[in-house]
$ cat query38.txt   # compact mmCIF, C-alpha atoms
# COMPACT_ATOMS: atom_id res chain seq x y z
CA MET D 117 82.99 138.57 124.25
CA ASP D 118 84.21 139.85 120.92
CA ASN D 119 87.35 137.71 120.96
CA ILE D 120 85.56 134.48 121.80
CA GLU D 121 83.21 135.12 118.87
CA ARG D 122 86.26 135.63 116.66
CA ALA D 123 87.66 132.34 117.97
CA ILE D 124 84.38 130.62 117.06
CA ALA D 125 84.47 132.11 113.55
CA THR D 126 88.11 131.10 113.09
CA SER D 127 87.44 127.54 114.28
CA GLN D 128 84.55 127.31 111.81
CA ARG D 129 86.82 128.50 108.98
CA LEU D 130 89.34 125.88 110.08
CA LYS D 131 86.61 123.24 109.98
CA ALA D 132 85.58 124.34 106.47
CA ALA D 133 89.19 124.16 105.26
CA LEU D 134 89.62 120.66 106.71
CA ASP D 135 86.31 119.55 105.25
CA ALA D 136 87.37 120.67 101.76
CA GLU D 137 90.77 118.99 102.16
CA VAL D 138 89.16 115.69 103.16
CA VAL D 139 87.16 115.77 99.91
CA ARG D 140 90.32 116.52 97.90
CA ALA D 141 92.24 113.74 99.69
CA GLN D 142 89.50 111.28 98.77
CA GLY D 143 89.90 112.28 95.13
CA GLU D 144 93.65 111.70 95.32
CA ARG D 145 93.07 107.94 95.03
CA ILE D 146 91.79 108.42 91.49
CA LEU D 147 94.97 110.29 90.57
CA LEU D 148 97.05 107.46 92.02
CA ARG D 149 95.11 104.80 90.13
CA LYS D 150 95.51 106.68 86.86
CA PHE D 151 99.21 107.37 87.52
CA ASP D 152 98.37 111.03 86.84
CA VAL D 153 101.74 112.62 87.62
CA GLU D 154 100.70 116.15 86.68
CA GLY D 155 97.54 115.82 88.77
CA LEU D 156 99.53 114.53 91.74
CA LEU D 157 102.01 117.39 91.49
CA ALA D 158 99.15 119.90 91.34
CA ARG D 159 97.60 118.14 94.31
CA ALA D 160 100.86 118.44 96.26
CA THR D 161 100.90 122.18 95.56
CA MET D 162 97.32 122.46 96.79
CA ARG D 163 98.25 120.54 99.96
CA GLY D 164 101.09 122.97 100.61
CA GLU D 165 98.67 125.89 100.28
CA PHE D 166 96.23 124.11 102.60
CA ASN D 167 98.97 123.56 105.19
CA ALA D 168 99.89 127.26 105.08
CA GLU D 169 96.23 128.27 105.48
CA VAL D 170 95.73 125.90 108.42
CA LEU D 171 98.84 127.25 110.11
CA ARG D 172 97.55 130.80 109.69
CA LEU D 173 94.12 129.86 111.07
CA GLU D 174 95.63 128.00 114.03
CA GLN D 175 97.74 131.03 114.90
CA GLN D 176 94.70 133.30 114.64
CA LEU D 177 92.68 130.95 116.84
CA ALA D 178 95.42 130.89 119.46
CA GLN D 179 95.60 134.68 119.47
CA HIS D 180 91.80 135.04 119.71
CA LEU D 181 91.69 132.61 122.62
CA LYS D 182 94.53 134.43 124.37
CA ASP D 183 92.73 137.76 123.85
CA ALA D 184 89.44 136.24 125.05
CA GLY D 185 91.16 135.08 128.22
CA SER D 186 92.54 138.56 128.81
CA GLU D 187 89.16 140.12 128.07
CA LEU D 188 87.47 137.82 130.59
CA GLY D 189 90.21 138.21 133.20
CA LEU D 190 91.45 134.62 133.01
CA SER D 191 95.01 133.74 133.92
CA GLU D 192 94.74 130.36 132.19
CA VAL D 193 92.67 129.85 129.05
CA THR D 194 91.04 126.43 128.70
CA LEU D 195 87.60 125.43 127.55
CA GLU D 196 86.68 124.82 131.17
CA THR D 197 87.77 128.27 132.35
CA LEU D 198 86.09 129.92 129.37
CA ALA D 199 82.89 127.99 130.11
CA ARG D 200 82.70 129.53 133.57
CA LYS D 201 82.66 133.05 132.12
CA ALA D 202 80.88 132.48 128.77
CA PRO D 203 79.06 129.13 128.78
CA ALA D 204 76.94 129.60 125.64
CA GLU D 205 79.84 130.76 123.46
CA THR D 206 82.15 128.10 124.87
CA ALA D 207 79.63 125.36 124.01
CA ILE D 208 79.65 126.53 120.38
CA LEU D 209 83.44 126.71 120.39
CA ARG D 210 83.72 123.26 121.97
CA GLU D 211 81.47 121.77 119.27
CA ALA D 212 83.45 123.43 116.47
CA LEU D 213 86.75 122.21 117.89
CA ALA D 214 85.36 118.68 118.23
CA GLU D 215 84.45 118.75 114.55
CA VAL D 216 87.93 120.04 113.69
CA ARG D 217 89.51 117.15 115.64
CA ALA D 218 87.27 114.61 113.89
CA LEU D 219 88.09 116.01 110.45
CA ALA D 220 91.81 116.11 111.25
CA GLY D 221 91.62 112.43 112.25
CA ALA D 222 89.77 111.54 109.05
CA LEU D 223 92.34 113.45 106.98
CA SER D 224 95.18 111.64 108.73
CA GLU D 225 93.59 108.26 107.92
CA LEU D 226 93.10 109.27 104.28
CA ASP D 227 96.72 110.42 104.09
CA ASP D 228 97.88 107.04 105.43
CA LEU D 229 95.73 105.21 102.88
CA ASN D 230 96.94 107.42 100.03
CA ARG D 231 100.55 106.92 101.14
CA ARG D 232 100.09 103.11 101.04
CA LEU D 233 98.44 103.34 97.63
CA ALA D 234 101.32 105.49 96.36
CA GLN D 235 103.83 102.93 97.66
CA ARG D 236 101.96 100.15 95.86
CA ALA D 237 101.84 102.19 92.65
CA THR D 238 105.57 102.83 92.92
CA ALA D 239 106.26 99.12 93.44
CA CYS D 240 104.08 98.30 90.45
CA VAL D 241 105.92 100.76 88.21
CA ARG D 242 109.32 99.51 89.42
CA GLY D 243 108.29 95.92 88.76
CA TYR D 244 107.11 96.82 85.30
CA LEU D 245 110.30 98.71 84.49
CA SER D 246 112.41 95.84 85.80
CA ALA D 247 110.51 93.37 83.63
CA VAL D 248 110.83 95.56 80.55
CA THR D 249 114.46 96.56 80.93
CA GLY D 250 115.87 93.50 82.67
CA SER D 251 118.79 93.66 85.00
CA SER D 252 121.90 95.60 84.10
CA ALA D 253 124.69 93.48 82.69
CA GLY D 254 127.28 96.23 83.10
CA TYR D 255 127.18 97.19 86.78
CA ASP D 256 125.48 96.15 89.99
CA LYS D 257 123.88 98.46 92.58
CA ARG D 258 127.29 99.36 94.04
CA GLY D 259 128.72 100.35 90.67
CA THR D 260 131.00 97.36 90.27
CA ALA D 261 131.09 95.09 87.28
CA PRO D 262 129.67 91.63 87.91
CA ALA D 263 132.03 88.69 87.79
CA VAL D 264 132.03 86.97 84.45
CA THR D 265 132.05 83.21 84.61
CA ALA D 266 133.78 81.77 81.63
CA SER D 267 133.25 78.27 80.44
CA THR D 268 134.86 76.35 77.73
CA PHE D 269 133.30 73.69 75.67
CA SER D 270 135.22 71.12 73.84
CA GLY D 271 133.83 68.66 71.41
CA ARG D 272 136.41 66.06 72.45
CA ALA D 273 135.75 63.74 75.26

$ encode --input "query38.txt" --output "structure tokens"
Amino acid sequence: MDNIERAIATSQRLKAALDAEVVRAQGERILLRKFDVEGLLARATMRGEFNAEVLRLEQQLAQHLKDAGSELGLSEVTLETLARKAPAETAILREALAEVRALAGALSELDDLNRRLAQRATACVRGYLSAVTGSSAGYDKRGTAPAVTASTFSGRA
């Protein structure tokens, strides 16, 4: 039963990490609104660290579940097979994993929203820069010079 308890503890640590990341992702909107480049870069670094931590926790959880299956004499480890051997512990594990799934879904939705907000901010900045700088008179997007249309004006009719 030691390994299933470790799996429960690991799933609860995973839940806590996701919970904290959801809060940070909600705060990312403020950084986007303020065009806080340094804050967004720091946030990206924090997300990378979060991703590494989640990967480590997922690997630990998988190992604990595999070890729990071996400890309980199971050839296949699922929540259903674990529930037959350790129903109380499996109920706790099932609840923790359900919370992890819910938080992962919420984080995914926040990431989609933040991605759309970032795209809008980028479009806004590009529009502003285009308005301020105007279009290039020297070269077009392909690097070729635009055709110059010459006109002549004569005062005689």

$ atom_distance --input "query38.txt" --atom1 "CA of Leu181 in chain D" --atom2 "CA of Ala123 in chain D"
6.2 Å

$ residues_near_point --input "query38.txt" --point "(89.8, 128.6, 111.1)" --cutoff "8 Å" --atoms "only C-alpha atoms" --output "count of residues only"
14

$ closest_residue --input "query38.txt" --among "D:Gln175, D:Ile120, D:Phe151, D:Arg140" --to "Arg210 in chain D" --atoms "all atoms listed in the file"
D:Ile120

$ atom_distance --input "query38.txt" --atom1 "CA of Leu233 in chain D" --atom2 "CA of Lys257 in chain D"
26.4 Å

$ closest_residue --input "query38.txt" --among "D:Leu190, D:Leu198, D:Leu209, D:Ala220" --to "Glu137 in chain D" --atoms "only C-alpha atoms"
D:Ala220
